[in-house]
file target-v1.cif (mmCIF, C-alpha atoms and all ligand atoms)
data_start
loop_
_atom_site.label_atom_id
_atom_site.label_comp_id
_atom_site.auth_asym_id
_atom_site.auth_seq_id
_atom_site.Cartn_x
_atom_site.Cartn_y
_atom_site.Cartn_z
CA MET A 326 -51.77 -34.34 163.46
CA ALA A 327 -53.12 -30.83 164.09
CA HIS A 328 -53.63 -29.71 167.69
CA GLU A 329 -56.60 -27.48 168.46
CA ILE A 330 -55.53 -24.08 169.79
CA LYS A 331 -57.84 -23.07 172.63
CA SER A 332 -55.70 -20.60 174.53
CA ILE A 333 -52.92 -18.32 173.35
CA GLY A 334 -50.40 -15.87 174.75
CA VAL A 335 -49.69 -12.74 172.69
CA VAL A 336 -46.44 -10.89 173.37
CA GLY A 337 -46.65 -7.20 172.45
CA ALA A 338 -49.86 -5.17 172.79
CA GLY A 339 -49.01 -2.72 169.99
CA GLN A 340 -51.02 -2.22 166.81
CA MET A 341 -50.56 -5.81 165.63
CA GLY A 342 -50.62 -7.69 168.97
CA SER A 343 -53.81 -5.93 170.07
CA GLY A 344 -55.40 -6.75 166.70
CA ILE A 345 -54.43 -10.43 167.03
CA ALA A 346 -55.84 -10.56 170.59
CA HIS A 347 -59.05 -8.88 169.37
CA VAL A 348 -59.68 -11.34 166.52
CA ALA A 349 -58.70 -14.44 168.52
CA ALA A 350 -60.97 -13.49 171.46
CA LEU A 351 -63.85 -12.77 169.10
CA HIS A 352 -63.49 -16.32 167.76
CA GLY A 353 -63.63 -17.99 171.18
CA VAL A 354 -59.90 -18.26 171.97
CA ASP A 355 -58.68 -17.35 175.49
CA VAL A 356 -55.95 -14.72 175.25
CA LEU A 357 -53.21 -13.63 177.63
CA LEU A 358 -51.87 -10.31 176.35
CA ALA A 359 -48.37 -9.41 177.55
CA ASP A 360 -46.32 -6.24 177.26
CA LEU A 361 -43.59 -4.44 179.18
CA SER A 362 -45.81 -2.15 181.25
CA GLU A 363 -49.37 -1.73 182.51
CA GLU A 364 -49.47 1.50 180.56
CA ARG A 365 -48.87 -0.22 177.21
CA LEU A 366 -51.32 -2.98 178.09
CA ASN A 367 -53.98 -0.39 178.93
CA ALA A 368 -53.36 1.39 175.62
CA GLY A 369 -53.71 -1.96 173.78
CA LEU A 370 -56.92 -2.83 175.65
CA ALA A 371 -58.36 0.62 174.90
CA THR A 372 -57.66 0.11 171.18
CA ILE A 373 -59.34 -3.31 171.27
CA GLY A 374 -62.38 -1.85 173.08
CA ASN A 375 -62.71 0.98 170.54
CA ASN A 376 -62.35 -1.32 167.53
CA LEU A 377 -64.90 -3.80 168.93
CA SER A 378 -67.33 -0.90 169.54
CA ARG A 379 -66.88 0.18 165.92
CA GLN A 380 -67.78 -3.36 164.81
CA VAL A 381 -70.90 -3.25 167.02
CA ALA A 382 -71.87 0.17 165.60
CA SER A 383 -71.59 -1.13 162.02
CA GLY A 384 -73.68 -4.20 162.87
CA ARG A 385 -70.91 -6.74 162.22
CA ILE A 386 -70.98 -8.09 165.80
CA THR A 387 -73.40 -7.87 168.71
CA GLU A 388 -72.83 -6.04 172.00
CA ALA A 389 -72.89 -9.47 173.72
CA ALA A 390 -70.11 -10.78 171.42
CA LYS A 391 -68.03 -7.69 172.23
CA LYS A 392 -68.46 -8.26 175.99
CA GLU A 393 -67.58 -11.95 175.66
CA ALA A 394 -64.48 -11.14 173.62
CA LEU A 395 -63.26 -8.55 176.13
CA GLY A 396 -63.85 -11.09 178.92
CA ARG A 397 -61.51 -13.56 177.18
CA ILE A 398 -58.52 -11.17 177.12
CA LYS A 399 -56.37 -11.07 180.27
CA PRO A 400 -53.53 -8.53 180.38
CA THR A 401 -50.26 -9.49 182.09
CA THR A 402 -46.70 -8.25 182.49
CA ASP A 403 -45.55 -11.70 183.63
CA TYR A 404 -44.89 -14.56 181.17
CA LYS A 405 -45.49 -17.08 184.01
CA ALA A 406 -49.15 -16.92 183.03
CA PHE A 407 -48.24 -18.64 179.70
CA GLY A 408 -47.81 -22.07 181.35
CA ASP A 409 -51.18 -23.31 180.03
CA SER A 410 -51.09 -21.64 176.58
CA ASP A 411 -51.29 -23.88 173.48
CA LEU A 412 -49.59 -21.24 171.33
CA VAL A 413 -47.65 -18.05 171.98
CA ILE A 414 -47.70 -15.45 169.20
CA GLU A 415 -44.80 -13.05 169.53
CA SER A 416 -45.73 -9.67 168.02
CA ALA A 417 -43.20 -7.42 169.76
CA THR A 418 -41.06 -4.69 168.23
CA GLU A 419 -39.34 -5.66 164.94
CA SER A 420 -35.88 -6.26 166.45
CA GLU A 421 -34.09 -9.58 166.42
CA ALA A 422 -32.47 -8.86 169.80
CA VAL A 423 -35.84 -8.07 171.40
CA LYS A 424 -37.43 -11.21 169.97
CA ARG A 425 -34.53 -13.43 171.09
CA THR A 426 -34.77 -12.07 174.64
CA ILE A 427 -38.51 -12.79 174.68
CA TYR A 428 -38.00 -16.42 173.51
CA GLY A 429 -35.34 -16.90 176.19
CA ALA A 430 -37.78 -15.78 178.87
CA VAL A 431 -40.88 -17.53 177.52
CA CYS A 432 -39.54 -20.99 176.51
CA PRO A 433 -38.82 -22.31 180.04
CA ILE A 434 -42.40 -21.49 181.09
CA LEU A 435 -44.24 -23.14 178.18
CA LYS A 436 -45.60 -26.69 178.32
CA PRO A 437 -43.49 -29.00 176.14
CA GLU A 438 -46.11 -29.39 173.40
CA ALA A 439 -46.84 -25.63 173.13
CA MET A 440 -46.07 -23.89 169.83
CA ILE A 441 -44.46 -20.50 169.26
CA ALA A 442 -45.29 -18.24 166.33
CA THR A 443 -43.78 -14.93 165.29
CA ASN A 444 -45.59 -12.13 163.46
CA THR A 445 -42.33 -10.71 162.08
CA SER A 446 -42.57 -8.92 158.72
CA SER A 447 -38.98 -9.45 157.71
CA ILE A 448 -36.74 -11.49 160.01
CA SER A 449 -35.83 -15.06 158.96
CA ILE A 450 -38.19 -17.60 160.59
CA THR A 451 -35.45 -20.24 160.58
CA ARG A 452 -33.04 -17.93 162.41
CA LEU A 453 -35.65 -16.94 165.03
CA ALA A 454 -36.64 -20.60 165.49
CA ALA A 455 -33.02 -21.44 166.25
CA ALA A 456 -33.17 -19.05 169.22
CA THR A 457 -35.86 -21.23 170.87
CA ASP A 458 -35.80 -24.68 172.50
CA ARG A 459 -38.41 -25.94 169.97
CA PRO A 460 -37.59 -25.04 166.32
CA GLU A 461 -39.87 -27.88 165.13
CA ARG A 462 -42.83 -26.23 166.89
CA PHE A 463 -41.98 -22.71 165.68
CA ILE A 464 -43.67 -21.01 162.70
CA GLY A 465 -44.29 -17.61 161.09
CA ILE A 466 -47.94 -16.47 161.28
CA HIS A 467 -47.86 -13.12 159.53
CA PHE A 468 -51.02 -11.05 160.01
CA MET A 469 -51.84 -7.96 157.93
CA ASN A 470 -52.59 -4.51 159.33
CA PRO A 471 -55.27 -3.77 160.54
CA VAL A 472 -55.78 -7.33 161.78
CA PRO A 473 -59.57 -7.14 162.41
CA VAL A 474 -60.12 -5.95 158.81
CA MET A 475 -57.61 -7.76 156.61
CA GLU A 476 -58.53 -11.26 155.46
CA LEU A 477 -55.08 -12.64 154.66
CA VAL A 478 -52.53 -14.35 156.90
CA GLU A 479 -49.20 -15.64 155.53
CA LEU A 480 -47.90 -18.91 156.97
CA ILE A 481 -44.14 -19.38 156.82
CA ARG A 482 -42.35 -22.57 157.84
CA GLY A 483 -38.80 -22.47 159.10
CA ILE A 484 -36.47 -25.22 157.94
CA ALA A 485 -37.29 -27.35 161.03
CA THR A 486 -41.05 -26.65 161.37
CA ASN A 487 -42.88 -29.99 161.57
CA ASP A 488 -46.13 -30.90 159.78
CA SER A 489 -48.19 -30.98 162.95
CA THR A 490 -47.20 -27.38 163.80
CA PHE A 491 -47.97 -26.26 160.25
CA GLU A 492 -51.40 -27.98 160.23
CA SER A 493 -52.25 -26.64 163.71
CA ALA A 494 -51.36 -23.11 162.59
CA ARG A 495 -53.40 -23.51 159.41
CA ALA A 496 -56.45 -24.69 161.39
CA PHE A 497 -56.00 -21.80 163.85
CA VAL A 498 -55.98 -19.23 161.03
CA ALA A 499 -59.16 -20.79 159.59
CA LYS A 500 -60.79 -20.66 163.04
CA LEU A 501 -60.13 -16.89 163.08
CA GLY A 502 -62.04 -16.59 159.80
CA LYS A 503 -58.91 -15.66 157.85
CA THR A 504 -57.49 -17.07 154.62
CA ALA A 505 -53.94 -18.44 154.73
CA THR A 506 -51.38 -18.40 151.95
CA VAL A 507 -48.14 -20.31 152.33
CA SER A 508 -44.83 -18.57 151.74
CA GLU A 509 -41.28 -19.89 151.80
CA ASP A 510 -38.91 -18.27 154.29
CA PHE A 511 -37.36 -15.58 152.04
CA PRO A 512 -37.07 -11.84 152.77
CA ALA A 513 -40.44 -10.06 153.15
CA PHE A 514 -42.39 -13.23 152.18
CA ILE A 515 -45.04 -12.68 149.43
CA VAL A 516 -47.21 -9.62 150.08
CA ASN A 517 -44.43 -7.21 151.05
CA ARG A 518 -42.05 -8.63 148.42
CA ILE A 519 -44.51 -7.53 145.73
CA LEU A 520 -46.15 -4.50 147.37
CA LEU A 521 -43.10 -2.61 148.64
CA PRO A 522 -41.18 -2.51 145.34
CA MET A 523 -44.36 -1.07 143.76
CA ILE A 524 -44.54 1.62 146.45
CA ASN A 525 -40.78 2.29 146.07
CA GLU A 526 -41.31 2.66 142.29
CA ALA A 527 -44.15 5.14 142.91
CA ILE A 528 -41.72 7.18 145.06
CA TYR A 529 -39.11 7.04 142.24
CA THR A 530 -41.84 8.26 139.86
CA LEU A 531 -42.35 11.23 142.20
CA TYR A 532 -38.57 11.74 142.70
CA GLU A 533 -37.93 11.83 138.95
CA GLY A 534 -40.76 14.30 138.40
CA VAL A 535 -42.82 11.99 136.22
CA GLY A 536 -45.91 12.97 138.21
CA SER A 537 -47.11 14.80 141.32
CA VAL A 538 -48.35 12.99 144.46
CA ASP A 539 -51.90 13.56 143.31
CA ALA A 540 -51.23 12.40 139.72
CA ILE A 541 -49.49 9.18 140.87
CA ASP A 542 -52.18 8.22 143.38
CA THR A 543 -55.05 9.10 141.04
CA ALA A 544 -53.36 7.15 138.22
CA MET A 545 -53.13 3.97 140.28
CA ARG A 546 -56.60 4.32 141.82
CA LEU A 547 -58.44 4.96 138.57
CA GLY A 548 -56.04 3.33 136.12
CA ALA A 549 -55.21 0.13 137.99
CA ASN A 550 -58.32 0.02 140.19
CA HIS A 551 -56.31 0.08 143.45
CA PRO A 552 -58.49 1.12 146.40
CA MET A 553 -55.73 3.48 147.62
CA GLY A 554 -52.90 5.21 145.75
CA PRO A 555 -49.38 3.85 146.47
CA LEU A 556 -48.20 7.06 148.20
CA GLN A 557 -51.30 7.20 150.38
CA LEU A 558 -50.71 3.53 151.21
CA ALA A 559 -47.04 4.25 152.05
CA ASP A 560 -48.17 6.93 154.52
CA PHE A 561 -50.61 4.45 156.06
CA ILE A 562 -47.95 1.74 156.49
CA GLY A 563 -45.39 4.25 157.82
CA LEU A 564 -42.45 5.46 155.73
CA ASP A 565 -39.91 4.11 158.27
CA THR A 566 -41.49 0.66 157.93
CA CYS A 567 -41.46 0.95 154.11
CA LEU A 568 -37.77 1.87 154.19
CA SER A 569 -36.87 -0.96 156.53
CA ILE A 570 -38.65 -3.54 154.33
CA MET A 571 -36.83 -2.22 151.23
CA GLN A 572 -33.54 -2.50 153.13
CA VAL A 573 -34.35 -6.10 154.08
CA LEU A 574 -35.09 -6.92 150.40
CA HIS A 575 -31.94 -5.09 149.22
CA ASP A 576 -29.67 -6.78 151.80
CA GLY A 577 -31.34 -10.18 151.74
CA LEU A 578 -31.61 -10.62 147.96
CA ALA A 579 -28.55 -8.52 147.00
CA ASP A 580 -30.25 -7.17 143.86
CA SER A 581 -30.00 -3.46 142.95
CA LYS A 582 -33.63 -3.46 141.80
CA TYR A 583 -34.60 -3.21 145.49
CA ARG A 584 -32.55 0.00 146.06
CA PRO A 585 -34.63 2.25 148.38
CA CYS A 586 -35.53 5.53 146.65
CA PRO A 587 -33.41 8.44 148.02
CA LEU A 588 -36.61 10.49 148.40
CA LEU A 589 -38.02 7.83 150.76
CA VAL A 590 -34.81 8.04 152.80
CA LYS A 591 -35.13 11.85 152.91
CA TYR A 592 -38.73 11.73 154.19
CA VAL A 593 -37.69 9.29 156.93
CA GLU A 594 -34.71 11.49 157.89
CA ALA A 595 -37.09 14.46 158.16
CA GLY A 596 -39.33 12.48 160.53
CA TRP A 597 -42.15 12.76 157.96
CA LEU A 598 -43.17 9.15 158.56
CA GLY A 599 -46.73 9.28 157.23
CA ARG A 600 -50.08 9.35 159.03
CA LYS A 601 -48.71 8.45 162.46
CA ALA A 602 -46.38 11.50 162.34
CA GLY A 603 -49.03 13.86 160.92
CA ARG A 604 -47.03 14.27 157.69
CA GLY A 605 -45.59 12.12 154.91
CA PHE A 606 -46.44 12.30 151.21
CA TYR A 607 -49.55 14.07 152.52
CA ASP A 608 -49.91 16.59 155.35
CA TYR A 609 -52.62 15.31 157.72
CA ARG A 610 -52.61 18.21 160.15
CA GLY A 611 -55.46 20.14 158.51
CA GLU A 612 -59.03 19.12 157.83
CA LYS A 613 -58.16 17.01 154.82
CA PRO A 614 -54.85 15.53 153.58
CA VAL A 615 -52.82 17.90 151.37
CA PRO A 616 -49.99 16.56 149.14
CA THR A 617 -46.53 17.65 150.32
CA ARG A 618 -45.09 17.68 146.75
P1 LIG B 1 -45.76 -1.73 167.84
O1 LIG B 1 -44.59 -0.85 168.04
O2 LIG B 1 -47.12 -1.11 167.64
O3 LIG B 1 -45.90 -2.77 169.06
C1 LIG B 1 -44.83 -3.50 169.59
C2 LIG B 1 -45.12 -3.76 171.07
O4 LIG B 1 -44.14 -4.69 171.56
C3 LIG B 1 -45.03 -2.49 171.94
O5 LIG B 1 -46.22 -2.32 172.68
C4 LIG B 1 -43.83 -2.80 172.86
O6 LIG B 1 -43.96 -2.26 174.16
C5 LIG B 1 -43.86 -4.33 172.89
N1 LIG B 1 -42.61 -4.92 173.35
C6 LIG B 1 -41.35 -4.57 173.02
N2 LIG B 1 -40.46 -5.35 173.68
C7 LIG B 1 -41.19 -6.22 174.42
C8 LIG B 1 -40.86 -7.26 175.33
N3 LIG B 1 -39.60 -7.55 175.60
N4 LIG B 1 -41.86 -7.94 175.92
C9 LIG B 1 -43.16 -7.63 175.65
N5 LIG B 1 -43.53 -6.66 174.81
C10 LIG B 1 -42.56 -5.95 174.21
O7 LIG B 1 -45.38 -2.67 166.60
P2 LIG B 1 -46.37 -3.49 165.62
O8 LIG B 1 -46.62 -2.68 164.39
O9 LIG B 1 -47.51 -4.02 166.42
O10 LIG B 1 -45.39 -4.67 165.16
C11 LIG B 1 -45.21 -5.85 165.93
C12 LIG B 1 -44.71 -6.96 165.04
O11 LIG B 1 -45.64 -7.19 163.98
C13 LIG B 1 -43.37 -6.70 164.36
O12 LIG B 1 -42.63 -7.89 164.30
C14 LIG B 1 -43.78 -6.23 162.96
O13 LIG B 1 -42.79 -6.50 161.99
C15 LIG B 1 -44.97 -7.12 162.72
N6 LIG B 1 -45.92 -6.63 161.71
C16 LIG B 1 -46.24 -5.32 161.61
C17 LIG B 1 -47.17 -4.88 160.65
C18 LIG B 1 -47.55 -3.42 160.53
O14 LIG B 1 -48.13 -3.02 159.51
N7 LIG B 1 -47.30 -2.60 161.54
C19 LIG B 1 -47.77 -5.82 159.78
C20 LIG B 1 -47.44 -7.18 159.92
C21 LIG B 1 -46.52 -7.57 160.89
#
call {"tool": "encode", "arguments": {"input": "target-v1.cif", "output": "structure tokens"}}
result
Amino acid sequence: MAHEIKSIGVVGAGQMGSGIAHVAALHGVDVLLADLSEERLNAGLATIGNNLSRQVASGRITEAAKKEALGRIKPTTDYKAFGDSDLVIESATESEAVKRTIYGAVCPILKPEAMIATNTSSISITRLAAATDRPERFIGIHFMNPVPVMELVELIRGIATNDSTFESARAFVAKLGKTATVSEDFPAFIVNRILLPMINEAIYTLYEGVGSVDAIDTAMRLGANHPMGPLQLADFIGLDTCLSIMQVLHDGLADSKYRPCPLLVKYVEAGWLGRKAGRGFYDYRGEKPVPTR
């Protein structure tokens, strides 16, 4: 039987956690947003405020809905506040050690029937579940970036996840106005398993001199009808994130077809990590992006 999720805790107020808090609050869910410091919480709340204002400006939500949503989000640096939460969504830094520490601290505070979800992009759901006191009420709820914009959420069961947890998570995703797809617990799930090898291949195409940055992105936009070229998309995701997902596929599936392109490794070593660093396959420091190759 599915349980209705009325209040959630979100651990991590970074780009994903703040997006999850935003969308949940907008759909009537009470949210406790936790991070390590007041400073990070304030940064997360500022992002949420700005993104809600953008939705008001474009007429997608009303000013009253924005105010109500902001009123439903309570920042905290103390997990004790999670005692009444129906579900805790962990969206902290992509590190197994960090996530394990969080579960250790959060589990003793939760009510027995509460569920835990992780937003991990790459770590095994079954292995993370085993680090909690409730693997049967643990599930992967994988949101896409940016959360307020992207329609898809991947649901991933661990080996022990029970039907009630799965159905509750599915109903929660529907309540947020998102569409769920179900993925088995294998490296990078579905979207990144398909998307990242395509991006890696685009980087090989550049590395081997088949085409320039502009030729590759134009080819895929106009020739395959992709809204964004693969190199532009790589810069948006972050080249460090792209490399780490390729490494997870390469290690987890032990197939040489997932070998990260040496040019991707070089860009990451240079600190040219894409938009967030001001430079990746494009240089963003001027008025408009200029290809770096
Ligand atoms: P981020 O770096 O923007 O945010 C992570 C936040 O977690 C930071 O604010 C950090 O202070 C906080 N944090 C770290 N340790 C903590 C702890 N012990 N307690 C509380 N908070 C802690 O990262 P992000 O991009 O928001 O990624 C978060 C998760 O979402 C990761 O698991 C990532 O794999 C996943 N994810 C990311 C994307 C993406 O495109 N960025 C997409 C889908 C899923």
call {"tool": "axis_aligned_box", "arguments": {"input": "target-v1.cif", "around": "ligand LIG 1 (chain B)", "padding_each_side": "6 Å", "output": "AutoDock Vina command-line options"}}
result
--center_x -43.9 --center_y -4.4 --center_z 167.7 --size_x 20.5 --size_y 19.1 --size_z 28.4
call {"tool": "atom_distance", "arguments": {"input": "target-v1.cif", "atom1": "atom CA of A:Glu364", "atom2": "atom CA of A:Thr401"}}
result
11.1 Å
call {"tool": "residues_around", "arguments": {"input": "target-v1.cif", "residues": "A:Asn517", "least_positions_apart": "2", "cutoff": "10 Å", "atoms": "all atoms listed in the file", "output": "PyMOL selection string"}}
result
chain A and resi 446-447+512-515+519-524+567+570-571+574
call {"tool": "residues_near_ligand", "arguments": {"input": "target-v1.cif", "ligand": "ligand LIG 1 (chain B)", "cutoff": "8 Å", "atoms": "all atoms listed in the file", "output": "short mmCIF file (atom, residue, chain, number, x, y, z; two decimals) with C-alpha atoms, in the frame of the given file"}}
result
data_model
loop_
_atom_site.label_atom_id
_atom_site.label_comp_id
_atom_site.auth_asym_id
_atom_site.auth_seq_id
_atom_site.Cartn_x
_atom_site.Cartn_y
_atom_site.Cartn_z
CA VAL A 336 -46.44 -10.89 173.37
CA GLY A 337 -46.65 -7.20 172.45
CA ALA A 338 -49.86 -5.17 172.79
CA GLY A 339 -49.01 -2.72 169.99
CA GLN A 340 -51.02 -2.22 166.81
CA MET A 341 -50.56 -5.81 165.63
CA GLY A 342 -50.62 -7.69 168.97
CA SER A 343 -53.81 -5.93 170.07
CA ALA A 359 -48.37 -9.41 177.55
CA ASP A 360 -46.32 -6.24 177.26
CA LEU A 361 -43.59 -4.44 179.18
CA SER A 362 -45.81 -2.15 181.25
CA ARG A 365 -48.87 -0.22 177.21
CA LEU A 366 -51.32 -2.98 178.09
CA GLY A 369 -53.71 -1.96 173.78
CA THR A 402 -46.70 -8.25 182.49
CA GLU A 415 -44.80 -13.05 169.53
CA SER A 416 -45.73 -9.67 168.02
CA ALA A 417 -43.20 -7.42 169.76
CA THR A 418 -41.06 -4.69 168.23
CA GLU A 419 -39.34 -5.66 164.94
CA SER A 420 -35.88 -6.26 166.45
CA VAL A 423 -35.84 -8.07 171.40
CA LYS A 424 -37.43 -11.21 169.97
CA THR A 426 -34.77 -12.07 174.64
CA ILE A 427 -38.51 -12.79 174.68
CA THR A 443 -43.78 -14.93 165.29
CA ASN A 444 -45.59 -12.13 163.46
CA THR A 445 -42.33 -10.71 162.08
CA SER A 446 -42.57 -8.92 158.72
CA SER A 447 -38.98 -9.45 157.71
CA HIS A 467 -47.86 -13.12 159.53
CA PHE A 468 -51.02 -11.05 160.01
CA MET A 469 -51.84 -7.96 157.93
CA ASN A 470 -52.59 -4.51 159.33
CA PRO A 471 -55.27 -3.77 160.54
CA ILE A 562 -47.95 1.74 156.49
CA GLY A 563 -45.39 4.25 157.82
CA THR A 566 -41.49 0.66 157.93
#
call {"tool": "atom_distance", "arguments": {"input": "target-v1.cif", "atom1": "atom CA of A:Asp411", "atom2": "atom CA of A:Thr387"}}
result
27.7 Å
call {"tool": "closest_residue", "arguments": {"input": "target-v1.cif", "among": "A:Val507, A:Ile333, A:Ala455, A:Val590", "to": "A:Arg482", "atoms": "all atoms listed in the file"}}
result
A:Val507
call {"tool": "closest_residue", "arguments": {"input": "target-v1.cif", "among": "A:Ser537, A:Asn376, A:Ser569, A:Thr543", "to": "A:Thr617", "atoms": "all atoms listed in the file"}}
result
A:Ser537
call {"tool": "residues_near_point", "arguments": {"input": "target-v1.cif", "point": "(-60.4, -5.6, 161.7)", "cutoff": "8 Å", "atoms": "only C-alpha atoms", "output": "ChimeraX atom specification"}}
result
/A:344,348,376,471-475
call {"tool": "closest_residue", "arguments": {"input": "target-v1.cif", "among": "A:Leu556, A:Ile398, A:Ala430, A:Leu358", "to": "A:Leu598", "atoms": "all atoms listed in the file"}}
result
A:Leu556
call {"tool": "atom_distance", "arguments": {"input": "target-v1.cif", "atom1": "atom CA of A:Met545", "atom2": "atom CA of A:Lys591"}}
result
23.4 Å
